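Have a look at structure31.cif; it's mmCIF, C-alpha atoms:
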```
data_data
#
loop_
_atom_site.label_atom_id
_atom_site.label_comp_id
_atom_site.auth_asym_id
_atom_site.auth_seq_id
_atom_site.Cartn_x
_atom_site.Cartn_y
_atom_site.Cartn_z
CA MET A 336 -32.15 -18.74 -34.85
CA SER A 337 -30.23 -20.35 -32.05
CA THR A 338 -32.18 -20.20 -28.80
CA ALA A 339 -29.13 -20.31 -26.52
CA VAL A 340 -28.05 -16.82 -27.52
CA ALA A 341 -29.58 -13.64 -26.12
CA GLN A 342 -32.69 -12.75 -28.11
CA THR A 343 -32.58 -9.21 -26.74
CA ALA A 344 -29.44 -7.21 -26.04
CA PRO A 345 -28.27 -7.84 -22.48
CA GLN A 346 -27.64 -5.01 -20.08
CA PHE A 347 -23.98 -4.23 -19.48
CA SER A 348 -21.68 -1.58 -18.15
CA LEU A 349 -18.07 -2.33 -18.93
CA PRO A 350 -14.75 -0.50 -19.06
CA GLY A 351 -13.55 0.37 -22.51
CA VAL A 352 -10.02 0.69 -23.83
CA ASP A 353 -10.70 4.42 -24.18
CA GLY A 354 -10.76 4.71 -20.37
CA SER A 355 -14.52 5.20 -20.10
CA ASP A 356 -17.27 2.86 -19.02
CA HIS A 357 -19.81 1.94 -21.67
CA ALA A 358 -23.35 0.73 -20.99
CA LEU A 359 -26.00 -0.66 -23.27
CA ASP A 360 -28.05 2.48 -22.78
CA ASP A 361 -25.18 4.60 -24.13
CA TYR A 362 -26.00 3.16 -27.55
CA ARG A 363 -29.72 3.91 -27.31
CA ASP A 364 -29.69 6.03 -30.46
CA ALA A 365 -28.00 3.43 -32.64
CA SER A 366 -30.06 2.17 -35.56
CA ALA A 367 -28.45 -1.21 -35.04
CA LEU A 368 -26.03 -2.49 -32.43
CA VAL A 369 -23.42 -5.12 -33.25
CA LEU A 370 -21.95 -6.86 -30.24
CA VAL A 371 -18.89 -8.93 -31.04
CA GLN A 372 -17.46 -11.50 -28.67
CA SER A 373 -13.79 -10.95 -29.26
CA CYS A 374 -10.30 -11.05 -27.78
CA ASN A 375 -6.69 -10.30 -28.69
CA HIS A 376 -4.89 -13.59 -29.03
CA CYS A 377 -7.05 -15.60 -31.41
CA PRO A 378 -5.86 -15.93 -35.03
CA TYR A 379 -9.47 -16.03 -36.22
CA VAL A 380 -10.19 -12.74 -34.49
CA GLN A 381 -7.04 -11.23 -35.94
CA GLY A 382 -7.92 -12.58 -39.38
CA TRP A 383 -11.36 -10.98 -39.31
CA GLU A 384 -10.31 -7.82 -37.47
CA GLY A 385 -9.72 -5.73 -40.58
CA ARG A 386 -13.16 -6.59 -41.92
CA LEU A 387 -14.77 -5.61 -38.62
CA ILE A 388 -12.91 -2.29 -38.66
CA ASP A 389 -14.25 -1.71 -42.19
CA VAL A 390 -17.82 -2.58 -41.21
CA ALA A 391 -17.77 -0.21 -38.24
CA ARG A 392 -16.42 2.59 -40.42
CA ASP A 393 -18.68 1.90 -43.42
CA TYR A 394 -21.91 1.79 -41.40
CA ALA A 395 -21.16 4.52 -38.86
CA ASP A 396 -22.95 7.24 -40.82
CA ARG A 397 -26.07 5.05 -40.92
CA GLY A 398 -26.20 4.94 -37.16
CA VAL A 399 -24.76 1.46 -36.64
CA ARG A 400 -22.54 0.98 -33.60
CA VAL A 401 -20.09 -1.89 -33.28
CA VAL A 402 -18.91 -2.94 -29.83
CA ALA A 403 -16.30 -5.65 -29.31
CA ILE A 404 -16.19 -7.36 -25.93
CA SER A 405 -13.40 -9.52 -24.57
CA SER A 406 -14.37 -11.84 -21.72
CA ASN A 407 -11.42 -14.19 -21.78
CA ASP A 408 -9.74 -15.35 -18.59
CA VAL A 409 -6.51 -13.39 -18.46
CA ALA A 410 -4.94 -15.79 -15.97
CA SER A 411 -4.76 -18.47 -18.64
CA HIS A 412 -4.46 -15.99 -21.53
CA PRO A 413 -2.45 -12.94 -20.44
CA GLU A 414 -2.38 -11.75 -24.06
CA ASP A 415 -6.02 -10.75 -23.49
CA SER A 416 -5.41 -8.50 -20.48
CA PHE A 417 -6.94 -5.03 -20.41
CA ASP A 418 -3.52 -3.43 -20.99
CA GLU A 419 -2.99 -5.65 -24.02
CA MET A 420 -6.50 -4.79 -25.25
CA GLN A 421 -5.62 -1.10 -25.09
CA ARG A 422 -2.36 -1.71 -26.94
CA ARG A 423 -4.05 -3.74 -29.67
CA ALA A 424 -6.85 -1.23 -30.18
CA ARG A 425 -4.29 1.54 -30.63
CA ALA A 426 -2.01 -0.49 -32.87
CA GLN A 427 -4.80 -1.69 -35.15
CA GLY A 428 -6.75 1.54 -35.19
CA PHE A 429 -10.03 0.11 -33.95
CA THR A 430 -13.04 2.03 -35.23
CA PHE A 431 -15.28 0.51 -32.56
CA ASP A 432 -15.48 0.40 -28.78
CA TYR A 433 -13.56 -2.46 -27.20
CA LEU A 434 -14.79 -3.45 -23.74
CA TYR A 435 -13.47 -5.74 -21.02
CA ASP A 436 -15.94 -8.16 -19.45
CA GLU A 437 -13.81 -9.32 -16.55
CA SER A 438 -16.67 -11.08 -14.72
CA GLN A 439 -17.64 -12.90 -17.94
CA ASP A 440 -21.27 -12.06 -17.13
CA VAL A 441 -21.89 -10.47 -20.52
CA ALA A 442 -20.47 -13.45 -22.38
CA ARG A 443 -22.76 -15.71 -20.38
CA ALA A 444 -25.75 -13.43 -20.98
CA LEU A 445 -25.05 -13.38 -24.70
CA GLY A 446 -24.58 -17.14 -24.84
CA SER A 447 -21.23 -16.71 -26.52
CA GLU A 448 -19.05 -19.66 -27.39
CA ARG A 449 -16.48 -18.39 -29.86
CA THR A 450 -14.31 -15.47 -30.81
CA PRO A 451 -15.21 -13.82 -33.05
CA GLU A 452 -18.97 -14.23 -32.71
CA VAL A 453 -21.35 -11.46 -33.71
CA PHE A 454 -24.80 -10.52 -32.42
CA VAL A 455 -26.74 -7.97 -34.47
CA TYR A 456 -29.55 -6.22 -32.61
CA ASP A 457 -32.07 -4.05 -34.38
CA ALA A 458 -33.26 -0.62 -33.22
CA ASP A 459 -35.50 -2.32 -30.63
CA ARG A 460 -32.51 -4.41 -29.57
CA ARG A 461 -34.02 -7.63 -30.74
CA LEU A 462 -31.62 -10.17 -32.18
CA ALA A 463 -31.62 -10.02 -35.97
CA TYR A 464 -28.52 -12.02 -36.76
CA HIS A 465 -26.06 -14.20 -34.83
CA GLY A 466 -22.93 -15.99 -35.97
CA ALA A 467 -19.97 -15.41 -38.23
CA ILE A 468 -18.91 -12.16 -39.85
CA ASP A 469 -18.79 -13.86 -43.25
CA ASP A 470 -18.26 -17.31 -44.66
CA ASN A 471 -14.49 -17.52 -44.90
CA ARG A 472 -11.58 -16.59 -42.66
CA ASP A 473 -9.66 -15.94 -45.88
CA GLU A 474 -10.95 -12.59 -47.09
CA THR A 475 -10.09 -13.41 -50.70
CA ALA A 476 -12.43 -16.43 -50.60
CA VAL A 477 -15.52 -14.82 -49.07
CA THR A 478 -18.77 -15.49 -50.92
CA ALA A 479 -21.35 -14.50 -48.28
CA ARG A 480 -21.04 -11.36 -46.16
CA TYR A 481 -23.44 -12.26 -43.37
CA LEU A 482 -22.83 -9.28 -41.13
CA ARG A 483 -23.10 -6.67 -43.88
CA ASP A 484 -26.16 -8.38 -45.34
CA ALA A 485 -27.81 -8.46 -41.92
CA LEU A 486 -27.10 -4.78 -41.33
CA ASP A 487 -28.42 -3.85 -44.76
CA ALA A 488 -31.63 -5.73 -44.00
CA VAL A 489 -32.06 -4.25 -40.52
CA LEU A 490 -31.47 -0.74 -41.83
CA ALA A 491 -34.11 -1.38 -44.50
CA GLY A 492 -36.55 -2.52 -41.83
CA GLU A 493 -36.44 -6.10 -43.00
CA ALA A 494 -35.42 -9.42 -41.50
CA PRO A 495 -32.08 -10.71 -42.76
CA ALA A 496 -32.28 -13.61 -45.20
CA VAL A 497 -29.75 -15.42 -43.03
CA THR A 498 -30.34 -15.03 -39.31
CA ASP A 499 -28.01 -17.60 -37.81
CA THR A 500 -24.69 -19.16 -38.78
CA ALA A 501 -22.09 -21.13 -36.87
CA PRO A 502 -19.36 -18.83 -35.60
CA VAL A 503 -15.89 -20.06 -36.47
CA GLY A 504 -13.04 -19.25 -34.13
CA CYS A 505 -11.41 -19.83 -30.78
CA THR A 506 -13.43 -20.80 -27.76
CA VAL A 507 -14.25 -18.22 -25.10
CA LYS A 508 -11.70 -18.79 -22.35
CA TRP A 509 -13.83 -19.34 -19.27
CA ARG A 510 -12.37 -19.06 -15.81
CA SER A 511 -11.89 -22.44 -14.17
CA MET B 574 10.28 -39.44 -42.02
CA LYS B 575 8.08 -38.79 -39.01
CA VAL B 576 5.24 -36.31 -39.48
CA GLU B 577 3.24 -35.33 -36.40
CA LEU B 578 0.22 -33.08 -36.08
CA PHE B 579 -0.53 -32.01 -32.52
CA TYR B 580 -3.97 -30.53 -32.01
CA TRP B 581 -6.43 -29.34 -29.41
CA GLU B 582 -10.12 -30.02 -29.98
CA GLY B 583 -11.06 -26.55 -28.76
CA CYS B 584 -9.61 -25.01 -31.89
CA PRO B 585 -11.35 -25.74 -35.19
CA SER B 586 -8.30 -25.37 -37.44
CA HIS B 587 -6.74 -28.83 -37.31
CA PRO B 588 -8.87 -30.53 -39.98
CA GLU B 589 -7.95 -27.80 -42.45
CA ALA B 590 -4.28 -28.09 -41.45
CA LEU B 591 -4.34 -31.86 -41.87
CA GLU B 592 -5.94 -31.54 -45.30
CA LEU B 593 -3.26 -29.10 -46.45
CA LEU B 594 -0.47 -31.18 -44.93
CA GLU B 595 -1.67 -34.36 -46.63
CA ALA B 596 -2.03 -32.52 -49.93
CA VAL B 597 1.53 -31.22 -49.75
CA LEU B 598 2.84 -34.65 -48.82
CA ALA B 599 0.98 -36.20 -51.76
CA GLU B 600 2.21 -33.58 -54.19
CA ARG B 601 5.77 -34.40 -53.17
CA GLY B 602 5.15 -38.14 -53.56
CA LEU B 603 5.73 -38.77 -49.88
CA GLU B 604 3.76 -41.75 -48.63
CA VAL B 605 3.87 -40.87 -44.98
CA GLU B 606 1.12 -41.35 -42.46
CA VAL B 607 0.51 -38.24 -40.40
CA GLU B 608 0.56 -39.12 -36.72
CA ARG B 609 -2.26 -37.20 -35.07
CA ARG B 610 -1.69 -36.41 -31.42
CA ARG B 611 -4.46 -34.82 -29.38
CA VAL B 612 -3.52 -32.47 -26.56
CA ASP B 613 -6.18 -32.14 -23.87
CA THR B 614 -4.66 -30.54 -20.80
CA ASP B 615 -2.35 -27.72 -19.81
CA GLU B 616 -0.02 -30.31 -18.35
CA GLU B 617 0.19 -32.11 -21.69
CA ALA B 618 0.74 -28.80 -23.46
CA GLN B 619 3.66 -28.08 -21.14
CA ALA B 620 5.15 -31.55 -21.46
CA LEU B 621 4.89 -31.53 -25.25
CA ARG B 622 5.99 -27.87 -25.60
CA PHE B 623 2.76 -27.32 -27.47
CA PRO B 624 2.47 -23.64 -28.42
CA GLY B 625 -1.02 -23.98 -29.85
CA SER B 626 -3.20 -25.89 -32.24
CA PRO B 627 -2.25 -27.05 -34.76
CA THR B 628 1.45 -27.73 -34.32
CA ILE B 629 3.16 -29.74 -37.02
CA ARG B 630 6.58 -31.30 -36.57
CA ILE B 631 8.64 -33.03 -39.23
CA ASP B 632 11.14 -35.38 -37.61
CA GLY B 633 10.61 -33.43 -34.42
CA ARG B 634 11.23 -30.01 -35.98
CA ASP B 635 8.41 -27.46 -35.93
CA VAL B 636 7.36 -26.27 -39.41
CA ASP B 637 7.30 -22.74 -37.97
CA PRO B 638 10.43 -22.51 -35.82
CA ALA B 639 9.75 -18.86 -35.01
CA GLY B 640 6.51 -19.73 -33.30
CA ALA B 641 7.65 -22.93 -31.66
CA ALA B 642 9.00 -21.20 -28.58
CA SER B 643 5.74 -19.48 -27.70
CA ARG B 644 4.24 -20.16 -24.29
CA PRO B 645 2.72 -23.67 -24.20
CA ALA B 646 -1.06 -23.36 -24.02
CA LEU B 647 -4.37 -24.79 -25.17
CA ASN B 648 -4.78 -22.11 -27.82
CA CYS B 649 -5.36 -21.64 -31.48
CA ARG B 650 -1.87 -21.01 -32.83
CA ILE B 651 -1.06 -17.97 -34.91
CA TYR B 652 0.83 -18.31 -38.18
CA TYR B 653 1.85 -15.60 -40.60
CA LEU B 654 1.36 -15.96 -44.34
CA PRO B 655 4.04 -14.74 -46.77
CA ASP B 656 1.98 -11.57 -47.38
CA GLY B 657 1.89 -10.83 -43.64
CA ARG B 658 -1.69 -11.88 -43.01
CA VAL B 659 -2.53 -13.89 -39.91
CA SER B 660 -3.65 -17.48 -40.33
CA PRO B 661 -4.71 -20.25 -37.92
CA ILE B 662 -2.77 -22.82 -39.98
CA PRO B 663 0.72 -22.87 -41.51
CA SER B 664 1.10 -21.70 -45.07
CA ARG B 665 1.68 -24.11 -47.91
CA GLU B 666 5.11 -22.51 -48.30
CA GLN B 667 6.01 -23.26 -44.68
CA LEU B 668 5.04 -26.90 -45.10
CA GLU B 669 6.94 -27.23 -48.39
CA GLU B 670 10.03 -25.67 -46.87
CA ALA B 671 9.85 -27.93 -43.83
CA LEU B 672 9.63 -30.97 -46.07
CA SER B 673 12.45 -29.98 -48.40
#
```
For the structure just supplied, provide its representation as structure tokens.
Amino acid sequence: MSTAVAQTAPQFSLPGVDGSDHALDDYRDASALVLVQSCNHCPYVQGWEGRLIDVARDYADRGVRVVAISSNDVASHPEDSFDEMQRRARAQGFTFDYLYDESQDVARALGSERTPEVFVYDADRRLAYHGAIDDNRDETAVTARYLRDALDAVLAGEAPAVTDTAPVGCTVKWRS
Amino acid sequence: MKVELFYWEGCPSHPEALELLEAVLAERGLEVEVERRRVDTDEEAQALRFPGSPTIRIDGRDVDPAGAASRPALNCRIYYLPDGRVSPIPSREQLEEALS
């Protein structure tokens, strides 16, 4: 397990594309919490987006909550503005909360580097899995479904067989 | 024929793009060395009209003309596959068409 990433879920309170603020404590009843460093503009995010929508929908009735967070600097990447986040969430039919981390504090607390990059926290909000959603940006070539496997393990009260992989995607766009 | 691959190190897609490009060149019997050009700054991106990484130009013409006019930036570039899916690299079909 990478030590640079948050080993427990960081506190946050961030505006969501639904017009409400969302805090870590709002998800207190979730059996597992998946935080996803994300954004709008990145082709890797867009390539994996459908799979993330499916995961959020497929695991919702087992108490799993998925929360995507965009922290990108909108001065350099206006495609990632809050308005654009709201548009994308509507257009793609997001099945998960999508939050805007304008200060980039949550990205720093998580230790994020890439988009998409997932952090799976168990019911005690301890990190169970960090890294990629699966092993191939091309859905037709996937052989290992890391995120689903990690959730299945956490929900069974077990440690995932794979706890850390290298996230593949765009870099987080830090403010200069 | 001049084949250029412009890339930004912050995006991980360029090795995969280069591999596909070289494979398509080889399949067509074209013994051309791909000129790799690294883009490091916003100023370079502006000067080179670099709409994202990777950008491939054949004799100066972008293999994806529709995306060539996008705002220059140190980004991962978005391509669209024939089936409509998003990809971080051009499709084989785009490369073949650009080389034909």
Q: Please work out which residues fall within 12 Å of (3.8, -37.9, -49.3), coordinates as given in the file, with all atoms listed in the file counting, and return them as a count of residues only.
A: 22
Q: Report the residues retrieved by the PyMOL selection byres ((chain A) within 12 of (chain B)) from the displayed file, expressed as JSON, numbers by chain.
A: {"A": [375, 376, 377, 378, 379, 380, 381, 382, 383, 384, 385, 407, 410, 411, 412, 413, 414, 448, 449, 450, 471, 472, 473, 474, 475, 501, 502, 503, 504, 505, 506, 507, 508]}
Q | segment 433-446 of chain A surroundings by only C-alpha atoms, 9 Å radius, close-in-sequence under 6 positions cut, as a PyMOL selection string | A | chain A and resi 339-353+356-357+372-373+401-409+416-417+420-421+424+454+507+509-510
For those residues, write C-alpha atoms to a file as an mmCIF file, in the frame of the given file.
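What follows is the written file result09.cif:
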```cif
data_model
loop_
_atom_site.group_PDB
_atom_site.id
_atom_site.type_symbol
_atom_site.label_atom_id
_atom_site.label_comp_id
_atom_site.auth_asym_id
_atom_site.auth_seq_id
_atom_site.Cartn_x
_atom_site.Cartn_y
_atom_site.Cartn_z
ATOM 1 C CA ALA A 339 -29.130 -20.310 -26.520
ATOM 2 C CA VAL A 340 -28.050 -16.820 -27.520
ATOM 3 C CA ALA A 341 -29.580 -13.640 -26.120
ATOM 4 C CA GLN A 342 -32.690 -12.750 -28.110
ATOM 5 C CA THR A 343 -32.580 -9.210 -26.740
ATOM 6 C CA ALA A 344 -29.440 -7.210 -26.040
ATOM 7 C CA PRO A 345 -28.270 -7.840 -22.480
ATOM 8 C CA GLN A 346 -27.640 -5.010 -20.080
ATOM 9 C CA PHE A 347 -23.980 -4.230 -19.480
ATOM 10 C CA SER A 348 -21.680 -1.580 -18.150
ATOM 11 C CA LEU A 349 -18.070 -2.330 -18.930
ATOM 12 C CA PRO A 350 -14.750 -0.500 -19.060
ATOM 13 C CA GLY A 351 -13.550 0.370 -22.510
ATOM 14 C CA VAL A 352 -10.020 0.690 -23.830
ATOM 15 C CA ASP A 353 -10.700 4.420 -24.180
ATOM 16 C CA ASP A 356 -17.270 2.860 -19.020
ATOM 17 C CA HIS A 357 -19.810 1.940 -21.670
ATOM 18 C CA GLN A 372 -17.460 -11.500 -28.670
ATOM 19 C CA SER A 373 -13.790 -10.950 -29.260
ATOM 20 C CA VAL A 401 -20.090 -1.890 -33.280
ATOM 21 C CA VAL A 402 -18.910 -2.940 -29.830
ATOM 22 C CA ALA A 403 -16.300 -5.650 -29.310
ATOM 23 C CA ILE A 404 -16.190 -7.360 -25.930
ATOM 24 C CA SER A 405 -13.400 -9.520 -24.570
ATOM 25 C CA SER A 406 -14.370 -11.840 -21.720
ATOM 26 C CA ASN A 407 -11.420 -14.190 -21.780
ATOM 27 C CA ASP A 408 -9.740 -15.350 -18.590
ATOM 28 C CA VAL A 409 -6.510 -13.390 -18.460
ATOM 29 C CA SER A 416 -5.410 -8.500 -20.480
ATOM 30 C CA PHE A 417 -6.940 -5.030 -20.410
ATOM 31 C CA MET A 420 -6.500 -4.790 -25.250
ATOM 32 C CA GLN A 421 -5.620 -1.100 -25.090
ATOM 33 C CA ALA A 424 -6.850 -1.230 -30.180
ATOM 34 C CA PHE A 454 -24.800 -10.520 -32.420
ATOM 35 C CA VAL A 507 -14.250 -18.220 -25.100
ATOM 36 C CA TRP A 509 -13.830 -19.340 -19.270
ATOM 37 C CA ARG A 510 -12.370 -19.060 -15.810
#
```
Q: Could you list the residues chosen by the PyMOL selection byres ((chain B and resi 636) around 10) in this structure as an MDAnalysis selection string?
A: chainID B and resid 628:631 633:635 637:641 663:664 666:672
Q: Translate the PyMOL selection byres ((chain A and resi 367) around 12), as applied to the file shown, into an explicit residue set as a PyMOL selection string.
A: chain A and resi 344+362-366+368-370+391+394-402+454-464+482-483+485-492
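Atom CA of Glu419 of chain A to atom CA of Leu359 of chain A spans 23.6 Å [interatomic distance, one decimal].
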Q. In Å, how far is it from atom CA of Thr614 of chain B to atom CA of Asp415 of chain A?
A. 20.0 Å
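As for atom CA of Ala642 of chain B and atom CA of Phe623 of chain B, they are spaced 8.8 Å apart.
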Kindly compute an axis-aligned box around the listed atoms of segment 611-615 of chain B, allowing 4 Å on each side, and express its centre and edge lengths in Å to one decimal as lines of an AutoDock Vina configuration file.
```
center_x = -4.3
center_y = -31.3
center_z = -24.6
size_x = 11.8
size_y = 15.1
size_z = 17.6
```
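Using all atoms listed in the file, the shortest contact distance between Trp581 of chain B and any of B:Pro655, B:Glu608, B:Asp613, B:Ser643 is found at B:Asp613.
Considering only C-alpha atoms, the residue among B:Glu589, B:Asp656, B:Asp632, B:Glu582 positioned nearest to Arg611 of chain B is B:Glu582.
With only C-alpha atoms as the atoms that count, the minimum distance from Pro624 of chain B to the choices B:His587, B:Arg610, B:Leu654, B:Phe579 is reached by B:Phe579.
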Write segment 619-645 of chain B as a PDB file, keeping the file's coordinate frame, completed to N, CA and C atoms.
```pdb
ATOM      1  N   GLN B 619       2.336 -28.379 -21.689  1.00  0.00           N
ATOM      2  CA  GLN B 619       3.660 -28.080 -21.140  1.00  0.00           C
ATOM      3  C   GLN B 619       4.648 -29.189 -21.497  1.00  0.00           C
ATOM      4  N   ALA B 620       4.236 -30.415 -21.246  1.00  0.00           N
ATOM      5  CA  ALA B 620       5.150 -31.550 -21.460  1.00  0.00           C
ATOM      6  C   ALA B 620       5.551 -31.686 -22.920  1.00  0.00           C
ATOM      7  N   LEU B 621       4.621 -31.370 -23.816  1.00  0.00           N
ATOM      8  CA  LEU B 621       4.890 -31.530 -25.250  1.00  0.00           C
ATOM      9  C   LEU B 621       5.411 -30.238 -25.887  1.00  0.00           C
ATOM     10  N   ARG B 622       5.579 -29.186 -25.084  1.00  0.00           N
ATOM     11  CA  ARG B 622       5.990 -27.870 -25.600  1.00  0.00           C
ATOM     12  C   ARG B 622       5.071 -27.482 -26.775  1.00  0.00           C
ATOM     13  N   PHE B 623       3.808 -27.540 -26.469  1.00  0.00           N
ATOM     14  CA  PHE B 623       2.760 -27.320 -27.470  1.00  0.00           C
ATOM     15  C   PHE B 623       2.333 -25.852 -27.452  1.00  0.00           C
ATOM     16  N   PRO B 624       2.755 -25.076 -28.455  1.00  0.00           N
ATOM     17  CA  PRO B 624       2.470 -23.640 -28.420  1.00  0.00           C
ATOM     18  C   PRO B 624       1.103 -23.271 -28.994  1.00  0.00           C
ATOM     19  N   GLY B 625       0.315 -24.257 -29.330  1.00  0.00           N
ATOM     20  CA  GLY B 625      -1.020 -23.980 -29.850  1.00  0.00           C
ATOM     21  C   GLY B 625      -1.385 -24.956 -30.947  1.00  0.00           C
ATOM     22  N   SER B 626      -2.660 -24.933 -31.270  1.00  0.00           N
ATOM     23  CA  SER B 626      -3.200 -25.890 -32.240  1.00  0.00           C
ATOM     24  C   SER B 626      -3.438 -25.213 -33.593  1.00  0.00           C
ATOM     25  N   PRO B 627      -3.009 -25.806 -34.681  1.00  0.00           N
ATOM     26  CA  PRO B 627      -2.250 -27.050 -34.760  1.00  0.00           C
ATOM     27  C   PRO B 627      -0.755 -26.781 -34.708  1.00  0.00           C
ATOM     28  N   THR B 628      -0.007 -27.776 -34.251  1.00  0.00           N
ATOM     29  CA  THR B 628       1.450 -27.730 -34.320  1.00  0.00           C
ATOM     30  C   THR B 628       1.913 -28.932 -35.122  1.00  0.00           C
ATOM     31  N   ILE B 629       2.704 -28.668 -36.128  1.00  0.00           N
ATOM     32  CA  ILE B 629       3.160 -29.740 -37.020  1.00  0.00           C
ATOM     33  C   ILE B 629       4.677 -29.857 -36.906  1.00  0.00           C
ATOM     34  N   ARG B 630       5.134 -31.067 -36.674  1.00  0.00           N
ATOM     35  CA  ARG B 630       6.580 -31.300 -36.570  1.00  0.00           C
ATOM     36  C   ARG B 630       7.001 -32.378 -37.568  1.00  0.00           C
ATOM     37  N   ILE B 631       8.051 -32.080 -38.291  1.00  0.00           N
ATOM     38  CA  ILE B 631       8.640 -33.030 -39.230  1.00  0.00           C
ATOM     39  C   ILE B 631       9.930 -33.538 -38.598  1.00  0.00           C
ATOM     40  N   ASP B 632       9.978 -34.804 -38.319  1.00  0.00           N
ATOM     41  CA  ASP B 632      11.140 -35.380 -37.610  1.00  0.00           C
ATOM     42  C   ASP B 632      11.477 -34.549 -36.362  1.00  0.00           C
ATOM     43  N   GLY B 633      10.437 -34.148 -35.679  1.00  0.00           N
ATOM     44  CA  GLY B 633      10.610 -33.430 -34.420  1.00  0.00           C
ATOM     45  C   GLY B 633      10.820 -31.934 -34.547  1.00  0.00           C
ATOM     46  N   ARG B 634      10.964 -31.443 -35.787  1.00  0.00           N
ATOM     47  CA  ARG B 634      11.230 -30.010 -35.980  1.00  0.00           C
ATOM     48  C   ARG B 634       9.941 -29.285 -36.384  1.00  0.00           C
ATOM     49  N   ASP B 635       9.635 -28.216 -35.672  1.00  0.00           N
ATOM     50  CA  ASP B 635       8.410 -27.460 -35.930  1.00  0.00           C
ATOM     51  C   ASP B 635       8.480 -26.820 -37.331  1.00  0.00           C
ATOM     52  N   VAL B 636       7.373 -26.872 -38.059  1.00  0.00           N
ATOM     53  CA  VAL B 636       7.360 -26.270 -39.410  1.00  0.00           C
ATOM     54  C   VAL B 636       7.438 -24.748 -39.340  1.00  0.00           C
ATOM     55  N   ASP B 637       7.187 -24.190 -38.169  1.00  0.00           N
ATOM     56  CA  ASP B 637       7.300 -22.740 -37.970  1.00  0.00           C
ATOM     57  C   ASP B 637       8.208 -22.503 -36.768  1.00  0.00           C
ATOM     58  N   PRO B 638       9.516 -22.605 -36.975  1.00  0.00           N
ATOM     59  CA  PRO B 638      10.430 -22.510 -35.820  1.00  0.00           C
ATOM     60  C   PRO B 638      10.261 -21.218 -35.035  1.00  0.00           C
ATOM     61  N   ALA B 639       9.892 -20.135 -35.708  1.00  0.00           N
ATOM     62  CA  ALA B 639       9.750 -18.860 -35.010  1.00  0.00           C
ATOM     63  C   ALA B 639       8.646 -18.900 -33.964  1.00  0.00           C
ATOM     64  N   GLY B 640       7.625 -19.675 -34.234  1.00  0.00           N
ATOM     65  CA  GLY B 640       6.510 -19.730 -33.300  1.00  0.00           C
ATOM     66  C   GLY B 640       6.587 -20.864 -32.306  1.00  0.00           C
ATOM     67  N   ALA B 641       7.574 -21.713 -32.488  1.00  0.00           N
ATOM     68  CA  ALA B 641       7.650 -22.930 -31.660  1.00  0.00           C
ATOM     69  C   ALA B 641       7.940 -22.631 -30.203  1.00  0.00           C
ATOM     70  N   ALA B 642       8.590 -21.505 -29.954  1.00  0.00           N
ATOM     71  CA  ALA B 642       9.000 -21.200 -28.580  1.00  0.00           C
ATOM     72  C   ALA B 642       7.930 -20.434 -27.801  1.00  0.00           C
ATOM     73  N   SER B 643       6.794 -20.200 -28.415  1.00  0.00           N
ATOM     74  CA  SER B 643       5.740 -19.480 -27.700  1.00  0.00           C
ATOM     75  C   SER B 643       5.285 -20.259 -26.468  1.00  0.00           C
ATOM     76  N   ARG B 644       4.680 -19.545 -25.542  1.00  0.00           N
ATOM     77  CA  ARG B 644       4.240 -20.160 -24.290  1.00  0.00           C
ATOM     78  C   ARG B 644       3.308 -21.350 -24.563  1.00  0.00           C
ATOM     79  N   PRO B 645       3.614 -22.524 -23.998  1.00  0.00           N
ATOM     80  CA  PRO B 645       2.720 -23.670 -24.200  1.00  0.00           C
ATOM     81  C   PRO B 645       1.322 -23.362 -23.655  1.00  0.00           C
TER      82      PRO B 645
END
```
